[in-house]
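Peer 1: File name start21.cif; file contents mmCIF, C-alpha atoms and all ligand atoms; full text below.
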data_target
loop_
_atom_site.label_atom_id
_atom_site.label_comp_id
_atom_site.auth_asym_id
_atom_site.auth_seq_id
_atom_site.Cartn_x
_atom_site.Cartn_y
_atom_site.Cartn_z
CA MET Q 36 173.98 15.92 190.00
CA THR Q 37 171.76 16.75 187.01
CA ASN Q 38 171.95 15.32 183.55
CA ASN Q 39 172.07 18.69 181.86
CA PHE Q 40 175.34 19.92 180.47
CA SER Q 41 176.37 22.29 177.74
CA LEU Q 42 179.33 23.89 176.04
CA ALA Q 43 179.74 26.94 173.80
CA ILE Q 44 182.93 28.18 172.15
CA HIS Q 45 183.99 31.13 170.01
CA GLY Q 46 186.88 31.98 167.71
CA GLY Q 47 186.28 35.72 167.59
CA ALA Q 48 183.75 38.22 166.27
CA GLY Q 49 183.85 40.99 163.73
CA THR Q 50 183.21 41.89 160.15
CA ILE Q 51 184.05 38.60 158.55
CA LEU Q 52 183.31 39.49 154.95
CA ARG Q 53 181.73 36.71 152.92
CA SER Q 54 183.50 38.15 149.88
CA THR Q 55 186.93 37.31 151.33
CA MET Q 56 185.90 33.86 152.58
CA THR Q 57 186.48 30.86 150.34
CA LEU Q 58 184.70 27.56 150.83
CA GLU Q 59 188.01 25.91 151.67
CA LEU Q 60 188.86 28.50 154.32
CA GLN Q 61 185.39 28.30 155.80
CA GLN Q 62 185.76 24.53 156.10
CA GLN Q 63 189.11 24.98 157.85
CA TYR Q 64 187.57 27.37 160.39
CA GLU Q 65 184.64 25.02 160.95
CA ALA Q 66 186.99 22.08 161.47
CA GLY Q 67 188.96 24.10 164.04
CA LEU Q 68 185.74 24.91 165.90
CA GLN Q 69 184.47 21.31 165.68
CA ASN Q 70 187.70 19.88 167.12
CA ALA Q 71 187.56 22.27 170.07
CA LEU Q 72 183.87 21.54 170.63
CA ASP Q 73 184.54 17.80 170.63
CA ALA Q 74 187.46 18.20 173.06
CA GLY Q 75 185.33 20.04 175.62
CA TYR Q 76 182.08 18.16 175.05
CA GLY Q 77 183.76 14.78 175.50
CA ILE Q 78 184.87 15.81 178.99
CA LEU Q 79 181.39 17.01 179.99
CA HIS Q 80 179.72 13.93 178.53
CA ALA Q 81 182.00 11.67 180.57
CA GLY Q 82 181.03 13.52 183.74
CA GLY Q 83 184.11 15.77 183.86
CA SER Q 84 184.13 19.29 185.24
CA SER Q 85 183.23 22.47 183.37
CA ILE Q 86 186.64 23.96 184.24
CA ASP Q 87 188.44 21.03 182.57
CA ALA Q 88 186.10 21.28 179.58
CA VAL Q 89 186.68 25.01 178.95
CA GLU Q 90 190.44 24.61 179.36
CA ALA Q 91 190.56 21.70 176.88
CA ALA Q 92 188.42 23.56 174.33
CA VAL Q 93 190.55 26.71 174.56
CA VAL Q 94 193.82 24.77 174.33
CA SER Q 95 192.51 23.25 171.10
CA LEU Q 96 191.64 26.71 169.74
CA GLU Q 97 195.03 28.11 170.82
CA ASP Q 98 196.81 25.35 168.91
CA PHE Q 99 194.84 26.14 165.75
CA PRO Q 100 196.75 28.81 163.74
CA LEU Q 101 193.75 30.57 162.15
CA PHE Q 102 192.56 31.98 165.47
CA ASN Q 103 194.24 34.88 167.26
CA ALA Q 104 195.43 33.03 170.38
CA GLY Q 105 198.45 30.84 171.10
CA LYS Q 106 199.79 29.83 167.65
CA GLY Q 107 198.31 32.47 165.36
CA ALA Q 108 198.46 35.31 167.91
CA VAL Q 109 198.81 38.73 166.24
CA PHE Q 110 201.97 40.88 166.25
CA ASN Q 111 202.24 43.90 168.57
CA ASN Q 112 203.88 47.21 167.53
CA ILE Q 113 207.41 45.96 168.22
CA GLY Q 114 206.94 42.72 166.28
CA GLY Q 115 206.37 40.47 169.27
CA HIS Q 116 203.47 38.40 170.57
CA GLU Q 117 201.96 39.36 173.92
CA MET Q 118 199.12 37.09 174.91
CA ASP Q 119 196.34 37.45 177.50
CA ALA Q 120 194.15 34.69 178.97
CA ALA Q 121 191.81 33.98 181.86
CA ILE Q 122 189.88 31.10 183.36
CA MET Q 123 187.18 31.24 186.03
CA SER Q 124 185.16 28.72 188.00
CA GLY Q 125 181.62 29.64 188.96
CA LYS Q 126 181.60 27.33 191.97
CA GLY Q 127 183.73 29.39 194.34
CA LEU Q 128 184.47 32.35 192.02
CA GLU Q 129 188.08 31.16 191.71
CA ALA Q 130 189.97 32.80 188.84
CA GLY Q 131 193.41 32.76 187.23
CA ALA Q 132 194.68 35.08 184.51
CA VAL Q 133 197.78 36.18 182.61
CA CYS Q 134 198.55 39.19 180.49
CA GLY Q 135 201.41 40.14 178.20
CA VAL Q 136 203.05 36.70 178.12
CA SER Q 137 205.30 35.55 175.29
CA HIS Q 138 206.48 32.11 174.21
CA VAL Q 139 204.03 30.24 176.45
CA LYS Q 140 202.39 27.68 174.15
CA ASN Q 141 199.04 27.63 175.95
CA PRO Q 142 198.33 30.79 177.98
CA VAL Q 143 195.03 29.34 179.22
CA ALA Q 144 196.93 26.46 180.86
CA LEU Q 145 199.08 29.07 182.61
CA ALA Q 146 195.95 30.90 183.77
CA ARG Q 147 194.67 27.59 185.15
CA ALA Q 148 197.97 26.97 186.97
CA ILE Q 149 197.77 30.45 188.52
CA MET Q 150 194.21 29.72 189.67
CA ASP Q 151 195.06 26.30 191.08
CA ASP Q 152 198.60 26.74 192.41
CA SER Q 153 199.18 30.36 193.39
CA GLU Q 154 197.71 32.79 195.88
CA HIS Q 155 197.17 35.32 193.08
CA VAL Q 156 194.62 35.93 190.33
CA LEU Q 157 196.52 37.85 187.65
CA LEU Q 158 200.21 37.64 186.73
CA CYS Q 159 201.79 39.64 183.91
CA GLY Q 160 204.83 39.53 181.61
CA GLN Q 161 208.09 38.12 182.88
CA GLY Q 162 206.68 37.19 186.29
CA ALA Q 163 203.99 35.10 184.63
CA GLU Q 164 206.57 33.44 182.36
CA GLN Q 165 208.77 32.64 185.37
CA PHE Q 166 205.78 31.03 187.10
CA ALA Q 167 205.07 29.04 183.92
CA LYS Q 168 208.65 27.72 183.95
CA LEU Q 169 208.34 26.70 187.59
CA ARG Q 170 205.13 24.85 186.78
CA GLY Q 171 206.80 23.06 183.86
CA LEU Q 172 204.53 24.52 181.15
CA VAL Q 173 205.52 24.21 177.50
CA PHE Q 174 207.41 27.11 175.86
CA GLU Q 175 207.83 27.65 172.11
CA ASP Q 176 210.29 29.80 170.17
CA ASP Q 177 209.50 32.75 167.86
CA ALA Q 178 209.30 30.44 164.84
CA TYR Q 179 206.32 28.60 166.35
CA PHE Q 180 204.38 31.85 166.75
CA TYR Q 181 205.32 33.20 163.30
CA VAL Q 182 202.32 32.97 160.99
CA GLU Q 183 202.86 34.63 157.60
CA GLN Q 184 199.30 36.02 157.37
CA ARG Q 185 199.67 37.68 160.79
CA TYR Q 186 203.02 39.16 159.78
CA GLN Q 187 201.50 40.69 156.65
CA GLN Q 188 198.61 42.12 158.69
CA TRP Q 189 201.13 43.74 161.05
CA GLN Q 190 203.15 45.18 158.16
CA GLN Q 191 199.96 46.67 156.73
CA ALA Q 192 198.91 48.13 160.08
CA LEU Q 193 202.43 49.56 160.59
CA LYS Q 194 202.32 51.20 157.17
CA GLU Q 195 198.97 52.79 157.94
CA ASP Q 196 200.04 53.59 161.50
CA ARG Q 197 196.95 52.10 163.14
CA VAL Q 198 196.02 49.54 165.73
CA GLN Q 199 194.00 46.81 164.12
CA LEU Q 200 191.63 44.22 165.46
CA ASP Q 201 193.10 41.00 164.12
CA HIS Q 202 192.13 41.07 160.43
CA SER Q 203 192.09 43.87 157.91
CA ASP Q 204 188.36 43.20 157.58
CA LYS Q 205 188.07 43.84 161.34
CA LYS Q 206 187.65 40.31 162.59
CA PHE Q 207 188.36 39.84 166.28
CA GLY Q 208 190.05 36.48 166.62
CA THR Q 209 190.10 35.90 170.35
CA VAL Q 210 188.98 32.43 171.46
CA GLY Q 211 186.86 31.34 174.40
CA ALA Q 212 184.67 28.67 175.95
CA VAL Q 213 181.89 28.47 178.54
CA ALA Q 214 180.43 25.31 180.04
CA LEU Q 215 177.92 23.86 182.47
CA ASP Q 216 178.76 20.40 183.85
CA LYS Q 217 176.56 17.62 185.21
CA ASP Q 218 177.18 18.89 188.76
CA GLY Q 219 175.66 22.27 187.88
CA SER Q 220 178.98 24.12 187.90
CA LEU Q 221 179.71 26.85 185.37
CA ALA Q 222 183.13 27.87 184.02
CA ALA Q 223 184.54 30.31 181.47
CA ALA Q 224 187.89 30.76 179.70
CA THR Q 225 189.21 33.26 177.14
CA SER Q 226 192.57 33.57 175.34
CA THR Q 227 193.89 36.15 172.86
CA GLY Q 228 196.83 37.75 171.11
CA GLY Q 229 194.94 41.06 171.40
CA MET Q 230 195.08 43.61 168.59
CA THR Q 231 197.49 43.80 165.64
CA ASN Q 232 200.09 46.55 166.15
CA LYS Q 233 198.82 47.17 169.70
CA LYS Q 234 201.16 49.15 171.94
CA TYR Q 235 203.77 47.08 173.72
CA GLY Q 236 202.25 46.42 177.16
CA ARG Q 237 198.62 46.88 176.14
CA MET Q 238 196.16 44.56 177.85
CA GLY Q 239 192.62 43.84 176.63
CA ASP Q 240 189.44 42.68 178.32
CA SER Q 241 190.06 38.93 177.99
CA PRO Q 242 192.21 38.45 181.14
CA ILE Q 243 190.07 40.69 183.35
CA PRO Q 244 187.50 38.79 185.42
CA GLY Q 245 184.19 40.58 184.99
CA ALA Q 246 185.17 42.31 181.74
CA GLY Q 247 185.99 39.63 179.14
CA THR Q 248 185.59 36.52 181.27
CA TYR Q 249 183.26 35.64 184.15
CA ALA Q 250 181.58 32.65 185.78
CA ASN Q 251 179.20 32.46 188.73
CA ASN Q 252 177.12 29.37 189.56
CA ASN Q 253 174.24 31.61 190.68
CA THR Q 254 173.95 33.24 187.27
CA CYS Q 255 176.00 32.45 184.17
CA ALA Q 256 179.37 31.96 182.48
CA ILE Q 257 180.55 34.45 179.82
CA SER Q 258 183.50 34.76 177.39
CA CYS Q 259 183.73 37.91 175.25
CA THR Q 260 185.35 38.92 171.98
CA GLY Q 261 185.51 42.40 170.51
CA HIS Q 262 187.11 45.79 170.98
CA GLY Q 263 188.69 45.18 174.38
CA GLU Q 264 188.86 48.78 175.58
CA LEU Q 265 185.09 49.17 175.19
CA PHE Q 266 184.44 45.81 176.84
CA ILE Q 267 186.58 46.82 179.83
CA ARG Q 268 184.76 50.15 180.19
CA SER Q 269 181.40 48.35 180.01
CA VAL Q 270 182.42 45.53 182.40
CA VAL Q 271 180.47 43.39 179.97
CA ALA Q 272 180.58 39.90 181.48
CA TYR Q 273 179.77 41.00 185.03
CA ASP Q 274 177.07 43.36 183.79
CA ILE Q 275 175.22 40.42 182.25
CA SER Q 276 175.58 38.42 185.48
CA CYS Q 277 174.28 41.41 187.49
CA LEU Q 278 171.26 41.90 185.24
CA ILE Q 279 170.33 38.27 185.94
CA GLU Q 280 171.11 38.40 189.66
CA TYR Q 281 169.71 41.80 190.62
CA LYS Q 282 167.07 42.45 188.00
CA GLY Q 283 165.82 38.91 187.40
CA LEU Q 284 166.40 39.07 183.64
CA SER Q 285 166.72 35.86 181.63
CA LEU Q 286 170.09 35.09 180.03
CA LYS Q 287 168.76 36.16 176.63
CA GLU Q 288 167.29 39.42 177.95
CA ALA Q 289 170.53 40.30 179.76
CA CYS Q 290 172.68 39.52 176.70
CA ASP Q 291 170.39 41.56 174.44
CA VAL Q 292 170.57 44.64 176.69
CA VAL Q 293 174.36 44.57 176.87
CA VAL Q 294 175.32 43.50 173.33
CA TYR Q 295 172.62 45.22 171.24
CA ASP Q 296 172.02 48.33 173.33
CA LYS Q 297 174.66 49.32 175.90
CA LEU Q 298 177.70 48.28 173.84
CA VAL Q 299 176.31 49.69 170.60
CA LYS Q 300 175.74 53.07 172.27
CA ILE Q 301 179.45 53.44 173.05
CA GLY Q 302 180.65 51.91 169.77
CA GLY Q 303 181.66 48.56 171.24
CA GLU Q 304 181.75 46.10 168.38
CA GLY Q 305 181.90 42.40 169.20
CA GLY Q 306 180.03 39.57 170.84
CA LEU Q 307 180.11 36.87 173.47
CA ILE Q 308 179.10 33.35 174.37
CA ALA Q 309 177.04 32.66 177.48
CA ILE Q 310 175.54 29.73 179.35
CA ASP Q 311 173.32 30.01 182.42
CA LYS Q 312 172.71 27.65 185.30
CA HIS Q 313 169.57 26.35 183.55
CA CYS Q 314 171.65 25.14 180.58
CA ASN Q 315 170.50 27.92 178.21
CA ILE Q 316 173.03 29.04 175.60
CA GLU Q 317 173.27 32.50 174.01
CA MET Q 318 175.83 33.61 171.41
CA PRO Q 319 174.95 37.25 170.54
CA PHE Q 320 177.14 39.60 168.48
CA ASN Q 321 176.64 43.07 167.02
CA SER Q 322 179.28 42.55 164.31
CA GLU Q 323 178.75 40.88 160.95
CA GLY Q 324 179.82 37.48 162.14
CA MET Q 325 181.31 35.49 165.00
CA TYR Q 326 183.03 32.14 164.77
CA ARG Q 327 181.02 30.07 167.22
CA ALA Q 328 179.78 26.60 168.08
CA CYS Q 329 177.77 24.96 170.81
CA ARG Q 330 176.43 21.61 171.91
CA ASN Q 331 174.28 20.56 174.85
CA SER Q 332 172.66 17.49 176.35
CA ALA Q 333 169.25 18.66 175.08
CA GLY Q 334 170.38 18.04 171.50
CA ARG Q 335 171.45 21.51 170.35
CA ASN Q 336 174.54 21.16 168.18
CA GLU Q 337 175.79 23.87 165.83
CA VAL Q 338 178.85 25.42 164.20
CA LYS Q 339 178.29 28.89 162.68
CA ILE Q 340 180.10 31.96 161.39
CA TYR Q 341 177.51 34.37 160.01
CA LYS Q 342 174.07 35.49 161.18
CA ASP Q 343 172.24 32.47 159.71
N1 LIG T 401 188.92 41.39 173.02
C1 LIG T 401 190.24 41.21 172.48
C2 LIG T 401 191.13 42.33 172.94
O1 LIG T 401 190.72 43.48 172.87
C3 LIG T 401 190.28 41.18 170.98
C4 LIG T 401 189.40 40.16 170.35
O2 LIG T 401 188.34 39.82 170.86
O3 LIG T 401 189.82 39.65 169.29
O4 LIG T 401 192.25 42.06 173.29
#
Show how you would write the structure in this file as structure tokens.
Peer 2:
Amino acid sequence: MTNNFSLAIHGGAGTILRSTMTLELQQQYEAGLQNALDAGYGILHAGGSSIDAVEAAVVSLEDFPLFNAGKGAVFNNIGGHEMDAAIMSGKGLEAGAVCGVSHVKNPVALARAIMDDSEHVLLCGQGAEQFAKLRGLVFEDDAYFYVEQRYQQWQQALKEDRVQLDHSDKKFGTVGAVALDKDGSLAAATSTGGMTNKKYGRMGDSPIPGAGTYANNNTCAISCTGHGELFIRSVVAYDISCLIEYKGLSLKEACDVVVYDKLVKIGGEGGLIAIDKHCNIEMPFNSEGMYRACRNSAGRNEVKIYKD
């Protein structure tokens, strides 16, 4: 047992134009991040586990309609919501994930149930929903997931016949959390509605262990946000872990190589949050902004959107 613990969360990366952001909207985003940070940090502070902390933080972000996960998830090309989520524990490399689920209020809770109560890692679509029903998870109707702003974004994307990353100003709204608990265990969780007007059946990086989500007590915990296809091809989260494990890089060095060099070279816009076993926090992004917040036992405590 150590006394070090830390939590970082994100609400998506991208080109969040200052010109389209009002003070009121900014305060709403910051309040959404603060609530999620408090939910997860309270658990860690009380001696709870990192896996409980990341789940609680992501549930809070899923329930907040301005982020593209749970309530607020974007529309796909047939006017539905297909959500992806994953959770991973760094202790024994246990993982649970879902892709393409509809009507499940908190996809991250379903991912957790798959990790804890099934012999599988990743369930998709109707099978995942059936498992959620068996586990007694909460379902919501279409009206709950209808958010006017998301509908208008979909209509615009339909008109222009393009797949769009969350906002017309290219914000990626996926949510995620990473944590280190007092026992030295790392955990990561990510949840998303994916991309506006995405093809029915499309899956992003978020639910894929090693791509958008990864945790390993020997190295670090990572949750990504950005253009999923590029993050899958770059196996971003595991790449960072490998650079630490096999090359002896620090968390910052590993994040810098992947986010500012490797991803940029293939046009992979986005960012990630990361915590290592030494309690260091990194929140790099190669886009204009990333909704993010972190707090640790060493006194670091911040909520940010832009690059300072
Ligand atoms: N990475 C997510 C996806 O491609 C999108 C995002 O981060 O907003 O599904």
Peer 1: Might you pull out every residue within 12 Å of Q:Asn232, with only C-alpha atoms counted and same-chain residues fewer than 4 positions away left off, and present them as a short mmCIF file (atom, residue, chain, number, x, y, z; two decimals) with C-alpha atoms, in the frame of the given file?
Peer 2:
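Okay, part.cif is ready:
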data_model
loop_
_atom_site.label_atom_id
_atom_site.label_comp_id
_atom_site.auth_asym_id
_atom_site.auth_seq_id
_atom_site.Cartn_x
_atom_site.Cartn_y
_atom_site.Cartn_z
CA ALA Q 108 198.46 35.31 167.91
CA VAL Q 109 198.81 38.73 166.24
CA PHE Q 110 201.97 40.88 166.25
CA ASN Q 111 202.24 43.90 168.57
CA ASN Q 112 203.88 47.21 167.53
CA ILE Q 113 207.41 45.96 168.22
CA GLY Q 114 206.94 42.72 166.28
CA GLY Q 115 206.37 40.47 169.27
CA HIS Q 116 203.47 38.40 170.57
CA GLU Q 117 201.96 39.36 173.92
CA ARG Q 185 199.67 37.68 160.79
CA TYR Q 186 203.02 39.16 159.78
CA GLN Q 187 201.50 40.69 156.65
CA GLN Q 188 198.61 42.12 158.69
CA TRP Q 189 201.13 43.74 161.05
CA GLN Q 190 203.15 45.18 158.16
CA GLN Q 191 199.96 46.67 156.73
CA ALA Q 192 198.91 48.13 160.08
CA LEU Q 193 202.43 49.56 160.59
CA LYS Q 194 202.32 51.20 157.17
CA GLU Q 195 198.97 52.79 157.94
CA ASP Q 196 200.04 53.59 161.50
CA ARG Q 197 196.95 52.10 163.14
CA VAL Q 198 196.02 49.54 165.73
CA GLN Q 199 194.00 46.81 164.12
CA LEU Q 200 191.63 44.22 165.46
CA ASP Q 201 193.10 41.00 164.12
CA HIS Q 202 192.13 41.07 160.43
CA SER Q 203 192.09 43.87 157.91
CA GLY Q 228 196.83 37.75 171.11
CA GLY Q 236 202.25 46.42 177.16
CA ARG Q 237 198.62 46.88 176.14
#
Peer 1: Could you please determine the separation between atom CA of Q:Asn321 and atom CA of Q:Leu298 in Å, to one decimal place?
Peer 2: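 It comes out at 8.6 Å.
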Peer 1: How many Å separate atom CA of Q:Ser95 from atom CA of Q:Cys255?
Peer 2: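 We find that atom CA of Q:Ser95 and atom CA of Q:Cys255 lie 23.0 Å from each other.
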Peer 1: I'd like the interatomic distance between atom CA of Q:Leu286 and atom CA of Q:Cys134, to a tenth of an Å.
Peer 2: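 Those two atoms sit 28.8 Å apart.
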Peer 1: 8 Å from ligand LIG 401 (chain T) is the threshold here; counting all atoms listed in the file, which polymer residues fall inside it? Answer as number ranges by chain.
Peer 2: Q: 47-48, 103, 119, 200-201, 206-210, 227-230, 238-241, 247, 259-264, 266, 305
Peer 1: Can you build me a table of stretch 211-292 of chain Q residues sitting at most 12 Å from stretch 58-75 of chain Q, with the closest atom pair per residue and its distance in Å to one decimal, using all atoms listed in the file, sorted by chain and residue number, as a Markdown table?
Peer 2:
| residue | atom | partner | partner_atom | distance |
| --- | --- | --- | --- | --- |
| Q:Gly211 | CA | Q:Ala71 | CA | 10.1 |
| Q:Ala212 | CA | Q:Gly75 | CA | 8.7 |
| Q:Val213 | CA | Q:Gly75 | CA | 9.6 |
| Q:Ala214 | CA | Q:Gly75 | CA | 8.4 |
| Q:Leu215 | CA | Q:Gly75 | CA | 10.8 |
| Q:Asp216 | CA | Q:Gly75 | CA | 10.5 |
| Q:Ala222 | CA | Q:Gly75 | CA | 11.7 |
| Q:Ala223 | CA | Q:Gly75 | CA | 11.8 |
| Q:Ala224 | CA | Q:Gly75 | CA | 11.8 |
Peer 1: Filtering to C-alpha atoms, could you give me those residues as an mmCIF file, in the coordinates of the input?
Peer 2:
data_model
loop_
_atom_site.group_PDB
_atom_site.id
_atom_site.type_symbol
_atom_site.label_atom_id
_atom_site.label_comp_id
_atom_site.auth_asym_id
_atom_site.auth_seq_id
_atom_site.Cartn_x
_atom_site.Cartn_y
_atom_site.Cartn_z
ATOM 1 C CA GLY Q 211 186.860 31.340 174.400
ATOM 2 C CA ALA Q 212 184.670 28.670 175.950
ATOM 3 C CA VAL Q 213 181.890 28.470 178.540
ATOM 4 C CA ALA Q 214 180.430 25.310 180.040
ATOM 5 C CA LEU Q 215 177.920 23.860 182.470
ATOM 6 C CA ASP Q 216 178.760 20.400 183.850
ATOM 7 C CA ALA Q 222 183.130 27.870 184.020
ATOM 8 C CA ALA Q 223 184.540 30.310 181.470
ATOM 9 C CA ALA Q 224 187.890 30.760 179.700
#
Peer 1: Nearest residue to Q:Ser41 out of Q:Phe102, Q:Phe180, Q:Tyr326, Q:Tyr76, using only C-alpha atoms?
Peer 2: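 For Q:Ser41, the nearest of the candidates is Q:Tyr76.
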Peer 1: Which polymer residues have any atom within 12 Å of an atom of Q:Asp343, counting all atoms listed in the file, with same-chain residues fewer than 5 positions away left out, as number ranges by chain?
Peer 2: Q: 323-327, 337-338
Peer 1: Go through Q:Gly303, Q:Ala178, Q:Ile316, Q:Asp98 and flag the residue nearest Q:Leu265, using all atoms listed in the file for the distances.
Peer 2: Q:Gly303
Peer 1: Please check which residues have atoms at most 10 Å from (175.5, 35.9, 183.8) in the file's coordinates, counting all atoms listed in the file, and write them as a ChimeraX atom specification.
Peer 2: /Q:245,249-257,271-280,284-287,289-290,309-312
Peer 1: Pull N, CA and C atoms for stretch 317-329 of chain Q from the block and write them as a tab-separated table (two decimals), in the first residue's frame.
Peer 2:
chain	number	residue	atom	x	y	z
Q	317	GLU	N	0.14	12.27	-17.78
Q	317	GLU	CA	0.36	12.97	-19.05
Q	317	GLU	C	-0.98	13.08	-19.77
Q	318	MET	N	-1.21	14.22	-20.44
Q	318	MET	CA	-2.47	14.40	-21.18
Q	318	MET	C	-2.16	15.07	-22.54
Q	319	PRO	N	-1.37	14.40	-23.40
Q	319	PRO	CA	-0.95	15.02	-24.66
Q	319	PRO	C	-2.04	14.96	-25.74
Q	320	PHE	N	-2.04	15.96	-26.63
Q	320	PHE	CA	-2.95	15.91	-27.79
Q	320	PHE	C	-2.34	16.73	-28.91
Q	321	ASN	N	-2.56	16.28	-30.15
Q	321	ASN	CA	-2.01	16.99	-31.31
Q	321	ASN	C	-3.09	17.78	-32.03
Q	322	SER	N	-4.24	17.92	-31.39
Q	322	SER	CA	-5.36	18.71	-31.93
Q	322	SER	C	-5.34	20.06	-31.20
Q	323	GLU	N	-6.32	20.92	-31.54
Q	323	GLU	CA	-6.29	22.24	-30.92
Q	323	GLU	C	-6.59	22.20	-29.42
Q	324	GLY	N	-7.46	21.30	-29.05
Q	324	GLY	CA	-7.82	21.23	-27.64
Q	324	GLY	C	-8.20	19.82	-27.25
Q	325	MET	N	-8.35	19.60	-25.96
Q	325	MET	CA	-8.88	18.33	-25.45
Q	325	MET	C	-9.50	18.62	-24.09
Q	326	TYR	N	-10.76	18.25	-23.95
Q	326	TYR	CA	-11.41	18.40	-22.65
Q	326	TYR	C	-10.72	17.43	-21.70
Q	327	ARG	N	-10.16	17.94	-20.60
Q	327	ARG	CA	-9.38	17.06	-19.75
Q	327	ARG	C	-9.30	17.60	-18.32
Q	328	ALA	N	-9.05	16.72	-17.39
Q	328	ALA	CA	-8.91	17.13	-15.99
Q	328	ALA	C	-8.11	16.06	-15.27
Q	329	CYS	N	-7.42	16.46	-14.22
Q	329	CYS	CA	-6.70	15.47	-13.44
Q	329	CYS	C	-6.52	15.96	-12.00
